[in-house]
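Heads up, data_10.cif below (mmCIF, C-alpha atoms):
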data_data
#
loop_
_atom_site.label_atom_id
_atom_site.label_comp_id
_atom_site.auth_asym_id
_atom_site.auth_seq_id
_atom_site.Cartn_x
_atom_site.Cartn_y
_atom_site.Cartn_z
CA MET O 1 -15.07 13.44 19.64
CA ASP O 2 -17.45 13.01 16.70
CA TRP O 3 -17.74 10.11 14.26
CA PHE O 4 -15.69 11.74 11.49
CA VAL O 5 -12.75 12.46 13.81
CA LEU O 6 -12.78 8.84 15.01
CA LEU O 7 -12.90 7.67 11.41
CA SER O 8 -9.99 9.93 10.53
CA TRP O 9 -7.90 8.47 13.35
CA ALA O 10 -8.88 4.95 12.31
CA CYS O 11 -7.56 5.68 8.80
CA ILE O 12 -4.30 7.00 10.25
CA VAL O 13 -3.75 4.13 12.70
CA PHE O 14 -4.70 1.31 10.33
CA THR O 15 -2.78 2.73 7.36
CA VAL O 16 0.41 3.44 9.31
CA GLY O 17 0.11 -0.05 10.80
CA MET O 18 -0.14 -1.54 7.30
CA PHE O 19 2.86 0.45 6.08
CA SER O 20 4.82 -0.56 9.16
CA THR O 21 4.65 -4.25 8.24
CA GLY O 22 7.62 -3.49 5.99
CA LEU O 23 9.68 -3.19 9.17
CA THR O 24 9.60 -6.99 9.28
CA ASP O 25 11.45 -7.15 5.97
CA LEU O 26 13.88 -4.51 7.16
CA LYS O 27 14.52 -6.56 10.31
CA LYS O 28 15.13 -9.69 8.21
CA MET O 29 17.57 -7.83 5.96
CA HIS O 30 19.46 -6.46 8.96
CA ALA O 31 19.63 -9.88 10.63
CA SER O 32 20.80 -11.73 7.51
CA LYS O 33 22.75 -8.83 5.97
CA SER O 34 21.00 -9.77 2.76
CA ALA O 35 17.94 -8.78 0.73
CA ASN O 36 17.40 -12.27 -0.70
CA ASN O 37 13.76 -13.41 -0.98
CA ILE O 38 12.50 -9.85 -0.39
CA GLN O 39 10.90 -7.92 -3.22
CA PHE O 40 12.01 -4.36 -3.89
CA LEU O 41 9.27 -3.07 -6.21
CA PRO O 42 6.51 -3.03 -3.54
CA PHE O 43 8.57 -0.50 -1.55
CA LEU O 44 9.15 1.66 -4.61
CA THR O 45 5.58 1.59 -5.94
CA THR O 46 4.14 2.23 -2.48
CA CYS O 47 6.41 5.26 -2.12
CA LEU O 48 5.19 6.63 -5.46
CA ASN O 49 1.62 5.95 -4.39
CA ASN O 50 2.19 7.81 -1.11
CA LEU O 51 3.68 10.82 -2.86
CA GLY O 52 0.80 10.97 -5.33
CA TRP O 53 -1.82 10.87 -2.58
CA LEU O 54 0.20 13.38 -0.56
CA TYR O 55 -0.03 15.83 -3.46
CA TYR O 56 -3.76 15.11 -3.71
CA GLY O 57 -4.15 15.71 0.02
CA LEU O 58 -2.28 19.00 -0.22
CA LEU O 59 -4.50 20.20 -3.07
CA LYS O 60 -7.59 19.07 -1.19
CA LYS O 61 -6.22 20.45 2.12
CA ASP O 62 -7.06 17.16 3.83
CA ARG O 63 -4.89 16.77 6.93
CA THR O 64 -5.63 13.05 7.27
CA LEU O 65 -4.38 12.30 3.76
CA ILE O 66 -1.37 14.56 4.28
CA LEU O 67 -0.30 13.01 7.59
CA VAL O 68 -0.80 9.38 6.52
CA ASN O 69 1.12 9.78 3.27
CA ILE O 70 4.00 11.75 4.80
CA ILE O 71 4.51 8.91 7.29
CA GLY O 72 4.05 6.30 4.56
CA ALA O 73 6.52 7.96 2.19
CA LEU O 74 9.15 8.31 4.94
CA LEU O 75 8.78 4.64 5.87
CA GLN O 76 9.11 3.54 2.24
CA VAL O 77 12.23 5.69 1.82
CA LEU O 78 13.66 3.96 4.91
CA PHE O 79 12.87 0.54 3.41
CA ILE O 80 14.38 1.54 0.05
CA ILE O 81 17.61 2.72 1.71
CA GLY O 82 17.76 -0.49 3.73
CA TYR O 83 17.25 -2.59 0.60
CA LEU O 84 19.94 -0.67 -1.28
CA ASN O 85 22.31 -1.28 1.61
CA TYR O 86 21.82 -5.05 1.71
CA THR O 87 21.05 -6.08 -1.87
CA LYS O 88 23.67 -7.60 -4.15
CA GLU O 89 21.85 -6.24 -7.22
CA LYS O 90 22.55 -2.58 -6.57
CA ALA O 91 22.72 -1.64 -10.26
CA ARG O 92 19.24 -3.04 -10.98
CA VAL O 93 17.73 -1.48 -7.86
CA MET O 94 19.33 1.89 -8.58
CA SER O 95 18.08 1.86 -12.18
CA GLN O 96 14.52 1.13 -11.00
CA THR O 97 14.77 3.90 -8.40
CA VAL O 98 16.07 6.41 -10.94
CA ALA O 99 13.30 5.44 -13.38
CA ALA O 100 10.70 5.97 -10.66
CA ALA O 101 12.24 9.35 -9.77
CA VAL O 102 12.15 10.43 -13.43
CA MET O 103 8.50 9.36 -13.71
CA LEU O 104 7.70 11.30 -10.54
CA VAL O 105 9.41 14.46 -11.80
CA CYS O 106 7.67 14.20 -15.19
CA SER O 107 4.31 13.74 -13.49
CA TRP O 108 4.90 16.75 -11.25
CA PHE O 109 5.96 18.83 -14.26
CA TYR O 110 2.85 17.78 -16.21
CA PHE O 111 0.38 18.54 -13.42
CA ASN O 112 1.98 21.89 -12.62
CA MET O 113 2.64 23.14 -16.16
CA PHE O 114 -0.17 21.72 -18.30
CA VAL O 115 -3.14 21.05 -16.03
CA PRO O 116 -5.23 24.05 -14.95
CA SER O 117 -5.43 24.66 -11.22
CA GLY O 118 -8.60 23.99 -9.26
CA GLU O 119 -11.10 21.19 -9.82
CA THR O 120 -9.52 20.09 -13.10
CA LYS O 121 -6.15 19.41 -11.50
CA LEU O 122 -7.77 17.77 -8.46
CA ASN O 123 -9.88 15.48 -10.66
CA GLN O 124 -7.04 14.45 -12.96
CA LEU O 125 -4.70 13.82 -10.03
CA GLY O 126 -7.38 11.91 -8.13
CA LEU O 127 -8.07 9.71 -11.16
CA THR O 128 -4.35 9.03 -11.67
CA CYS O 129 -3.82 8.13 -8.01
CA SER O 130 -6.93 5.96 -8.00
CA LEU O 131 -5.85 3.95 -11.05
CA PHE O 132 -2.36 3.47 -9.60
CA THR O 133 -3.76 2.28 -6.26
CA ILE O 134 -6.19 -0.11 -7.96
CA SER O 135 -3.35 -1.63 -10.00
CA MET O 136 -1.36 -2.17 -6.80
CA TYR O 137 -4.26 -3.92 -5.08
CA LEU O 138 -5.02 -6.13 -8.09
CA SER O 139 -1.42 -7.05 -8.97
CA PRO O 140 -1.20 -9.94 -6.44
CA LEU O 141 -4.20 -11.72 -8.00
CA THR O 142 -1.88 -13.91 -10.08
CA ASP O 143 -0.22 -15.06 -6.83
CA LEU O 144 -3.64 -15.89 -5.41
CA VAL O 145 -4.36 -18.12 -8.41
CA GLU O 146 -1.12 -20.00 -7.76
CA ILE O 147 -2.03 -20.37 -4.09
CA VAL O 148 -5.35 -21.93 -5.06
CA ARG O 149 -3.53 -24.35 -7.35
CA SER O 150 -0.93 -25.31 -4.74
CA ARG O 151 -3.36 -25.15 -1.80
CA ASN O 152 -0.55 -23.55 0.20
CA VAL O 153 -0.90 -20.20 2.00
CA GLU O 154 2.65 -19.95 3.35
CA ARG O 155 3.48 -17.04 1.08
CA LEU O 156 0.57 -14.99 2.51
CA SER O 157 0.79 -12.88 5.65
CA PHE O 158 -2.29 -13.09 7.84
CA PRO O 159 -1.53 -9.89 9.85
CA LEU O 160 -0.95 -7.94 6.62
CA THR O 161 -4.20 -9.28 5.18
CA VAL O 162 -6.15 -8.12 8.24
CA ALA O 163 -4.35 -4.75 8.22
CA THR O 164 -5.17 -4.26 4.53
CA PHE O 165 -8.83 -5.11 5.11
CA LEU O 166 -9.13 -2.66 8.03
CA THR O 167 -7.23 0.05 6.14
CA SER O 168 -9.27 -0.26 2.94
CA SER O 169 -12.56 -0.40 4.86
CA SER O 170 -11.76 2.71 6.90
CA TRP O 171 -10.77 4.67 3.77
CA VAL O 172 -13.95 3.63 1.97
CA LEU O 173 -16.00 4.95 4.91
CA TYR O 174 -13.86 8.10 5.02
CA GLY O 175 -14.34 8.70 1.29
CA LEU O 176 -18.08 8.17 1.60
CA GLN O 177 -18.22 10.80 4.35
CA LEU O 178 -16.37 13.24 2.09
CA LYS O 179 -18.35 12.10 -1.00
CA ASP O 180 -14.99 11.61 -2.71
CA ASN O 181 -15.08 8.70 -5.17
CA TYR O 182 -11.35 9.03 -5.78
CA ILE O 183 -10.87 7.76 -2.22
CA VAL O 184 -13.74 5.26 -2.19
CA VAL O 185 -13.25 3.42 -5.49
CA PRO O 186 -9.50 2.51 -5.27
CA ASN O 187 -9.97 1.04 -1.79
CA LEU O 188 -12.78 -1.32 -2.80
CA PRO O 189 -10.32 -3.75 -4.48
CA GLY O 190 -8.37 -3.76 -1.19
CA ILE O 191 -11.44 -5.06 0.62
CA PHE O 192 -12.15 -7.55 -2.17
CA THR O 193 -8.63 -9.02 -2.31
CA SER O 194 -8.39 -9.13 1.50
CA LEU O 195 -11.62 -11.13 1.70
CA ILE O 196 -10.24 -13.55 -0.88
CA ARG O 197 -7.06 -13.96 1.17
CA LEU O 198 -9.03 -14.51 4.37
CA TYR O 199 -11.04 -17.20 2.60
CA LEU O 200 -7.83 -18.85 1.40
CA PHE O 201 -6.50 -18.89 4.97
CA TRP O 202 -9.73 -20.51 6.14
CA ARG O 203 -9.81 -22.96 3.23
CA PHE O 204 -6.17 -24.07 3.02
CA SER O 205 -4.55 -23.46 6.43
CA PRO O 206 -3.82 -26.79 8.16
CA VAL O 207 -6.06 -27.14 11.23
CA ASN O 208 -4.33 -30.08 12.89
CA GLN O 209 -0.91 -28.51 13.27
CA SER O 210 0.26 -27.02 16.53
CA SER O 211 1.55 -23.91 14.75
CA PRO O 212 0.10 -22.04 11.76
CA SER O 213 1.67 -22.28 8.31
CA TYR O 214 2.22 -18.54 8.30
CA LYS O 215 4.41 -16.50 10.59
CA PRO O 216 3.01 -13.46 12.38
CA LEU O 217 4.78 -10.26 11.48
CA ALA O 218 7.07 -9.04 14.23
CA ILE O 219 6.98 -5.26 14.25
#
Write out the structure in this file as structure tokens.
Amino acid sequence: MDWFVLLSWACIVFTVGMFSTGLTDLKKMHASKSANNIQFLPFLTTCLNNLGWLYYGLLKKDRTLILVNIIGALLQVLFIIGYLNYTKEKARVMSQTVAAAVMLVCSWFYFNMFVPSGETKLNQLGLTCSLFTISMYLSPLTDLVEIVRSRNVERLSFPLTVATFLTSSSWVLYGLQLKDNYIVVPNLPGIFTSLIRLYLFWRFSPVNQSSPSYKPLAI
């Protein structure tokens, strides 16, 4: 088994592991029969992100991208259905889901009707997916500022931070092997934000307590 095949499997394993952390939220919702204190938009935006990269993988005929994003999209759909089942704000959640579906259909229509096939479509789609992924990685930065102010890391998940770091790093290496900047660039912020989170755990986690201030994710 050569280096690229190992790298491909690392991308698959780490990424599916990162997506699977949402099973913890699903387990909490099932146990409490409630979606309180669980955010819905990360499930929805991750699903859109998966579908965008799935389309990119299909155009590029990259089986690693295809497999990872099929699994990711299916998991996010499962989380969305679970959230809809347990939330008390069904109208708001449904309106956000419908808006996302409309945006997805409009994007598909645009890329298939107005963008020429071939490299042009691949480049435009890659740029769109890259910008969307970068915005997802950078969106929690405001939370990190608040954590620095409060010196409290309870809202952070250490396993998810490690999973994000491994996932982003493996995709950067994968993109470098393919010489595909649309894969490399959007994963660099994932490494950057993960390193910041790891530093915050080191800086603000209490060291004299018998148990950590964060709870490991039970998958």
Given the file shown, determine the residues that the PyMOL selection byres ((chain O and resi 187) around 9) selects; report them as a list in words.
->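 Selected by the PyMOL selection byres ((chain O and resi 187) around 9) here: Ser130, Thr133, Ile134, Tyr137, Thr167, Ser168, Ser169, Trp171, Val172, Ile183, Val184, Val185, Pro186, Leu188, Pro189, Gly190, Ile191 and Phe192 of chain O.
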For atom CA of O:Leu44 and atom CA of O:Leu200, quote the distance in Å rounded to one decimal.
->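 Separation of atom CA of O:Leu44 and atom CA of O:Leu200: 27.3 Å.
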Quick one: residues within 10 Å of O:Lys33, only C-alpha atoms counted, chain neighbours fewer than 5 positions away excluded, as a list in words?
->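 My list of contacting residues is Leu26, Lys27, Lys28, Gly82, Tyr83, Asn85, Tyr86 and Thr87 of chain O.
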Please write as a ChimeraX atom specification the full residue list that the PyMOL selection byres ((chain O and resi 10) around 10) yields on this file.
-> /O:4-9,11-16,166-167,169-171,174
Residues from last step as file, C-alpha atoms, as a PDB file, keeping the file's coordinate frame:
ATOM      1  CA  PHE O   4     -15.690  11.740  11.490  1.00  0.00           C
ATOM      2  CA  VAL O   5     -12.750  12.460  13.810  1.00  0.00           C
ATOM      3  CA  LEU O   6     -12.780   8.840  15.010  1.00  0.00           C
ATOM      4  CA  LEU O   7     -12.900   7.670  11.410  1.00  0.00           C
ATOM      5  CA  SER O   8      -9.990   9.930  10.530  1.00  0.00           C
ATOM      6  CA  TRP O   9      -7.900   8.470  13.350  1.00  0.00           C
ATOM      7  CA  CYS O  11      -7.560   5.680   8.800  1.00  0.00           C
ATOM      8  CA  ILE O  12      -4.300   7.000  10.250  1.00  0.00           C
ATOM      9  CA  VAL O  13      -3.750   4.130  12.700  1.00  0.00           C
ATOM     10  CA  PHE O  14      -4.700   1.310  10.330  1.00  0.00           C
ATOM     11  CA  THR O  15      -2.780   2.730   7.360  1.00  0.00           C
ATOM     12  CA  VAL O  16       0.410   3.440   9.310  1.00  0.00           C
ATOM     13  CA  LEU O 166      -9.130  -2.660   8.030  1.00  0.00           C
ATOM     14  CA  THR O 167      -7.230   0.050   6.140  1.00  0.00           C
ATOM     15  CA  SER O 169     -12.560  -0.400   4.860  1.00  0.00           C
ATOM     16  CA  SER O 170     -11.760   2.710   6.900  1.00  0.00           C
ATOM     17  CA  TRP O 171     -10.770   4.670   3.770  1.00  0.00           C
ATOM     18  CA  TYR O 174     -13.860   8.100   5.020  1.00  0.00           C
TER      19      TYR O 174
END
O:Pro42 surroundings by only C-alpha atoms, 10 Å radius, close-in-sequence under 3 positions cut, as a list in words =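 Selected residues are Gly22, Ile38, Gln39, Thr45, Thr46, Cys47, Leu48, Gln76, Ile80 and Met136 of chain O.
If you look at atom CA of O:Val105 and atom CA of O:Asp62, they are 22.9 Å away from each other.
Distance annotation: of O:Phe132, O:Phe40, O:Phe111, O:Tyr55, the residue with the minimal separation from O:Met94 is O:Phe40; atom set is only C-alpha atoms.
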Residue neighbourhood O:Leu160, 12 Å, only C-alpha atoms, exclusion window fewer than 2 positions, as a PyMOL selection string | chain O and resi 14-24+155-158+162-168+190+193-194+197-198+214-219
Near O:Asn123, within 10 Å and counting all atoms listed in the file, which residues show up once chain neighbours fewer than 6 positions away are dropped, as a PyMOL selection string?
-> chain O and resi 56+129+182
Box time for stretch 119-137 of chain O: axis-aligned, enclosing all its listed atoms, 8 Å extra on each side; report centre and edge lengths in Å to one decimal, as lines of an AutoDock Vina configuration file.
center_x = -6.2
center_y = 8.6
center_z = -9.1
size_x = 25.7
size_y = 41.1
size_z = 24.0
O:Leu141 proximity check over O:Asn50, O:Ile196, O:Thr120, O:Arg203, using only C-alpha atoms: winner is O:Ile196
Quick check on the file I pasted: which residues fall under the PyMOL selection byres ((chain O and resi 69) around 7)? Write them as a PDB file with C-alpha atoms, keeping the file's coordinate frame.
ATOM      1  CA  ASN O  50       2.190   7.810  -1.110  1.00  0.00           C
ATOM      2  CA  LEU O  51       3.680  10.820  -2.860  1.00  0.00           C
ATOM      3  CA  TRP O  53      -1.820  10.870  -2.580  1.00  0.00           C
ATOM      4  CA  LEU O  54       0.200  13.380  -0.560  1.00  0.00           C
ATOM      5  CA  LEU O  65      -4.380  12.300   3.760  1.00  0.00           C
ATOM      6  CA  ILE O  66      -1.370  14.560   4.280  1.00  0.00           C
ATOM      7  CA  LEU O  67      -0.300  13.010   7.590  1.00  0.00           C
ATOM      8  CA  VAL O  68      -0.800   9.380   6.520  1.00  0.00           C
ATOM      9  CA  ILE O  70       4.000  11.750   4.800  1.00  0.00           C
ATOM     10  CA  ILE O  71       4.510   8.910   7.290  1.00  0.00           C
ATOM     11  CA  GLY O  72       4.050   6.300   4.560  1.00  0.00           C
ATOM     12  CA  ALA O  73       6.520   7.960   2.190  1.00  0.00           C
TER      13      ALA O  73
END
Mind checking which residues fall within 9 Å of O:Leu122, counting only C-alpha atoms, ignoring those fewer than 3 positions away in the same chain, and posting them as a PDB file with C-alpha atoms, in the coordinates of the input?
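Result file part-v9.pdb:
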ATOM      1  CA  TYR O  56      -3.760  15.110  -3.710  1.00  0.00           C
ATOM      2  CA  LEU O  59      -4.500  20.200  -3.070  1.00  0.00           C
ATOM      3  CA  LYS O  60      -7.590  19.070  -1.190  1.00  0.00           C
ATOM      4  CA  SER O 117      -5.430  24.660 -11.220  1.00  0.00           C
ATOM      5  CA  GLY O 118      -8.600  23.990  -9.260  1.00  0.00           C
ATOM      6  CA  GLU O 119     -11.100  21.190  -9.820  1.00  0.00           C
ATOM      7  CA  LEU O 125      -4.700  13.820 -10.030  1.00  0.00           C
ATOM      8  CA  GLY O 126      -7.380  11.910  -8.130  1.00  0.00           C
ATOM      9  CA  LEU O 127      -8.070   9.710 -11.160  1.00  0.00           C
TER      10      LEU O 127
END
Provide the atom CA of O:Asn181 to atom CA of O:Phe109 distance in Å, to one decimal place.
-> 25.1 Å
Point out the residue among O:Gly52, O:Arg149, O:Asn36, O:Pro159 with the least atom-to-atom distance to O:Trp108, counting only C-alpha atoms.
->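 Looking only at the distances to O:Trp108, the closest residue turns out to be O:Gly52.
Between O:Thr97 and the candidates O:Leu78, O:Leu138, O:Ile147, O:Leu41, the tightest atom-to-atom separation, counting all atoms listed in the file, involves O:Leu41.
Between O:Ser150 and the candidates O:Thr64, O:Gln96, O:Ser205, O:Ser107, the tightest atom-to-atom separation, counting all atoms listed in the file, involves O:Ser205.
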